[in-house]
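Working notes, beginning with the structure itself.
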Amino acid sequence: MRALHRGFAAYASVAALLLGTAVAAEVHAAPAPAEDAAPAAGREPEDFGASCHTVVEGTRVTSHCRNPYPRTDRIRLHVECDPWWDLDTDSAPVDVAPADYASVTARCWKEVRSAWVTHEPADPAPPARPGT
């Protein structure tokens, strides 16, 4: 009976040690608190960048982008193919005007490894109004 109690105590202490390690690792891996996201003095926050949703269907990749901001966004779809011999694809730039929508499509011959969209301003930022 005493041996059974010691065996249970050993298992319980190992379980507590593992649980404590997992909790400590999770607490240690927690992200640092975000710093103040206030814009720098004299600068307004940048309203820019179309919202894109990328869908991979087999070997074809389509990105649907909607621009809710007052500046035109120039997007490009980049597709990385899985086999070494399959050519990666970078689409031609597509301008998404304010309150407009665009779709960009690319494909691989075999499997798709990854796909992403890059953004850049298509027109220069509007000049700041004096006195604001």
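By order of appearance in the structure tokens: chains A, B, ..., then residues from 1 within every chain, and ligands from 1 in the order shown.
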
Per DSSP on the backbone, what are the strand (DSSP E or B) residues of stretch 90-128 of chain A, as a ChimeraX atom specification? /A:90,94-96,100-107,112-121

Taking N, CA, C and O atoms for each residue, export the selection above as a PDB file, in the first residue's frame.
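Dumped to out_9.pdb:
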```
ATOM      1  N   ASP A  90       5.187  36.604 -60.172  1.00  0.00           N
ATOM      2  CA  ASP A  90       4.894  37.930 -59.634  1.00  0.00           C
ATOM      3  C   ASP A  90       3.984  38.612 -60.643  1.00  0.00           C
ATOM      4  O   ASP A  90       4.352  38.781 -61.805  1.00  0.00           O
ATOM      5  N   VAL A  94      -1.369  46.178 -60.104  1.00  0.00           N
ATOM      6  CA  VAL A  94      -2.769  46.526 -60.346  1.00  0.00           C
ATOM      7  C   VAL A  94      -3.137  47.642 -59.385  1.00  0.00           C
ATOM      8  O   VAL A  94      -2.947  47.513 -58.172  1.00  0.00           O
ATOM      9  N   ASP A  95      -3.659  48.749 -59.918  1.00  0.00           N
ATOM     10  CA  ASP A  95      -4.084  49.866 -59.084  1.00  0.00           C
ATOM     11  C   ASP A  95      -5.513  49.637 -58.595  1.00  0.00           C
ATOM     12  O   ASP A  95      -6.409  49.353 -59.387  1.00  0.00           O
ATOM     13  N   VAL A  96      -5.694  49.758 -57.278  1.00  0.00           N
ATOM     14  CA  VAL A  96      -7.018  49.648 -56.669  1.00  0.00           C
ATOM     15  C   VAL A  96      -7.373  51.040 -56.168  1.00  0.00           C
ATOM     16  O   VAL A  96      -6.812  51.520 -55.184  1.00  0.00           O
ATOM     17  N   ASP A 100     -12.739  50.902 -54.410  1.00  0.00           N
ATOM     18  CA  ASP A 100     -12.793  50.018 -55.577  1.00  0.00           C
ATOM     19  C   ASP A 100     -12.364  48.613 -55.167  1.00  0.00           C
ATOM     20  O   ASP A 100     -11.909  48.373 -54.060  1.00  0.00           O
ATOM     21  N   TYR A 101     -12.499  47.682 -56.106  1.00  0.00           N
ATOM     22  CA  TYR A 101     -12.260  46.268 -55.883  1.00  0.00           C
ATOM     23  C   TYR A 101     -11.450  45.720 -57.054  1.00  0.00           C
ATOM     24  O   TYR A 101     -11.647  46.140 -58.204  1.00  0.00           O
ATOM     25  N   ALA A 102     -10.529  44.796 -56.788  1.00  0.00           N
ATOM     26  CA  ALA A 102      -9.757  44.168 -57.866  1.00  0.00           C
ATOM     27  C   ALA A 102      -9.460  42.724 -57.487  1.00  0.00           C
ATOM     28  O   ALA A 102      -9.346  42.389 -56.306  1.00  0.00           O
ATOM     29  N   SER A 103      -9.328  41.875 -58.505  1.00  0.00           N
ATOM     30  CA  SER A 103      -8.909  40.490 -58.313  1.00  0.00           C
ATOM     31  C   SER A 103      -7.672  40.245 -59.162  1.00  0.00           C
ATOM     32  O   SER A 103      -7.601  40.691 -60.305  1.00  0.00           O
ATOM     33  N   VAL A 104      -6.717  39.530 -58.598  1.00  0.00           N
ATOM     34  CA  VAL A 104      -5.487  39.186 -59.293  1.00  0.00           C
ATOM     35  C   VAL A 104      -5.326  37.682 -59.186  1.00  0.00           C
ATOM     36  O   VAL A 104      -5.520  37.098 -58.116  1.00  0.00           O
ATOM     37  N   THR A 105      -4.959  37.034 -60.310  1.00  0.00           N
ATOM     38  CA  THR A 105      -4.850  35.582 -60.351  1.00  0.00           C
ATOM     39  C   THR A 105      -3.479  35.176 -60.878  1.00  0.00           C
ATOM     40  O   THR A 105      -2.932  35.821 -61.767  1.00  0.00           O
ATOM     41  N   ALA A 106      -2.927  34.091 -60.322  1.00  0.00           N
ATOM     42  CA  ALA A 106      -1.675  33.497 -60.790  1.00  0.00           C
ATOM     43  C   ALA A 106      -1.777  31.997 -60.567  1.00  0.00           C
ATOM     44  O   ALA A 106      -2.728  31.519 -59.939  1.00  0.00           O
ATOM     45  N   ARG A 107      -0.791  31.237 -61.100  1.00  0.00           N
ATOM     46  CA  ARG A 107      -0.859  29.789 -60.935  1.00  0.00           C
ATOM     47  C   ARG A 107       0.522  29.170 -60.957  1.00  0.00           C
ATOM     48  O   ARG A 107       1.488  29.785 -61.394  1.00  0.00           O
ATOM     49  N   VAL A 112       1.341  24.798 -54.879  1.00  0.00           N
ATOM     50  CA  VAL A 112       1.626  26.157 -54.421  1.00  0.00           C
ATOM     51  C   VAL A 112       2.243  26.062 -53.028  1.00  0.00           C
ATOM     52  O   VAL A 112       1.679  25.427 -52.141  1.00  0.00           O
ATOM     53  N   ARG A 113       3.409  26.688 -52.834  1.00  0.00           N
ATOM     54  CA  ARG A 113       4.046  26.689 -51.514  1.00  0.00           C
ATOM     55  C   ARG A 113       3.516  27.844 -50.675  1.00  0.00           C
ATOM     56  O   ARG A 113       3.135  27.668 -49.529  1.00  0.00           O
ATOM     57  N   SER A 114       3.502  29.049 -51.243  1.00  0.00           N
ATOM     58  CA  SER A 114       3.001  30.205 -50.510  1.00  0.00           C
ATOM     59  C   SER A 114       2.567  31.287 -51.488  1.00  0.00           C
ATOM     60  O   SER A 114       2.959  31.274 -52.651  1.00  0.00           O
ATOM     61  N   ALA A 115       1.755  32.208 -50.984  1.00  0.00           N
ATOM     62  CA  ALA A 115       1.270  33.324 -51.795  1.00  0.00           C
ATOM     63  C   ALA A 115       1.059  34.518 -50.879  1.00  0.00           C
ATOM     64  O   ALA A 115       0.628  34.361 -49.733  1.00  0.00           O
ATOM     65  N   TRP A 116       1.392  35.710 -51.388  1.00  0.00           N
ATOM     66  CA  TRP A 116       1.202  36.921 -50.608  1.00  0.00           C
ATOM     67  C   TRP A 116       1.007  38.102 -51.538  1.00  0.00           C
ATOM     68  O   TRP A 116       1.307  38.035 -52.716  1.00  0.00           O
ATOM     69  N   VAL A 117       0.493  39.192 -50.976  1.00  0.00           N
ATOM     70  CA  VAL A 117       0.214  40.409 -51.736  1.00  0.00           C
ATOM     71  C   VAL A 117       1.072  41.526 -51.150  1.00  0.00           C
ATOM     72  O   VAL A 117       1.162  41.662 -49.931  1.00  0.00           O
ATOM     73  N   THR A 118       1.697  42.326 -52.032  1.00  0.00           N
ATOM     74  CA  THR A 118       2.441  43.494 -51.578  1.00  0.00           C
ATOM     75  C   THR A 118       1.677  44.751 -51.982  1.00  0.00           C
ATOM     76  O   THR A 118       0.930  44.741 -52.957  1.00  0.00           O
ATOM     77  N   HIS A 119       1.867  45.813 -51.210  1.00  0.00           N
ATOM     78  CA  HIS A 119       1.149  47.072 -51.409  1.00  0.00           C
ATOM     79  C   HIS A 119       2.150  48.212 -51.516  1.00  0.00           C
ATOM     80  O   HIS A 119       3.169  48.221 -50.821  1.00  0.00           O
ATOM     81  N   GLU A 120       1.852  49.174 -52.368  1.00  0.00           N
ATOM     82  CA  GLU A 120       2.617  50.421 -52.421  1.00  0.00           C
ATOM     83  C   GLU A 120       1.691  51.528 -52.893  1.00  0.00           C
ATOM     84  O   GLU A 120       0.732  51.274 -53.624  1.00  0.00           O
ATOM     85  N   PRO A 121       1.937  52.751 -52.473  1.00  0.00           N
ATOM     86  CA  PRO A 121       1.081  53.856 -52.904  1.00  0.00           C
ATOM     87  C   PRO A 121       1.230  54.088 -54.400  1.00  0.00           C
ATOM     88  O   PRO A 121       2.337  54.113 -54.923  1.00  0.00           O
TER      89      PRO A 121
END
```

| task | Skip A:Pro93 itself and residues of its chain fewer than 4 positions away, then list as a ChimeraX atom specification all residues within 9 Å of it, counting only C-alpha atoms. | result | /A:74-77

Any chance you could export the current selection's C-alpha atoms as an mmCIF file, in the first residue's frame?
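Result file follows (result34.cif):
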```
data_model
loop_
_atom_site.group_PDB
_atom_site.id
_atom_site.type_symbol
_atom_site.label_atom_id
_atom_site.label_comp_id
_atom_site.auth_asym_id
_atom_site.auth_seq_id
_atom_site.Cartn_x
_atom_site.Cartn_y
_atom_site.Cartn_z
ATOM 1 C CA ARG A 74 -0.904 49.398 -56.138
ATOM 2 C CA ILE A 75 -1.009 45.673 -55.371
ATOM 3 C CA ARG A 76 0.995 42.725 -56.709
ATOM 4 C CA LEU A 77 0.349 39.023 -56.137
#
```

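Atom CA of A:Asp47 is found 7.5 Å from atom CA of A:Pro70.
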
To one decimal place in Å, what is the distance between atom CA of A:Tyr69 and atom CA of A:Phe48?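 For atom CA of A:Tyr69 relative to atom CA of A:Phe48, the distance reads 5.8 Å.
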
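Our summary of the geometry notes that atom CA of A:His53 is positioned 15.8 Å from atom CA of A:Ser91.
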
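With only C-alpha atoms taken into account, the protein and nucleic acid residues at most 10 Å from A:Lys110 (excluding it and anything under 6 positions from it in its own chain) are Gly58, Thr59, Arg60, Cys81, Asp82, Pro83, Trp85 and Asp86 of chain A.
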
Of A:Thr62, A:Cys52, A:Thr72, A:Glu57, the one nearest to A:Ala99 when counting only C-alpha atoms is A:Thr72
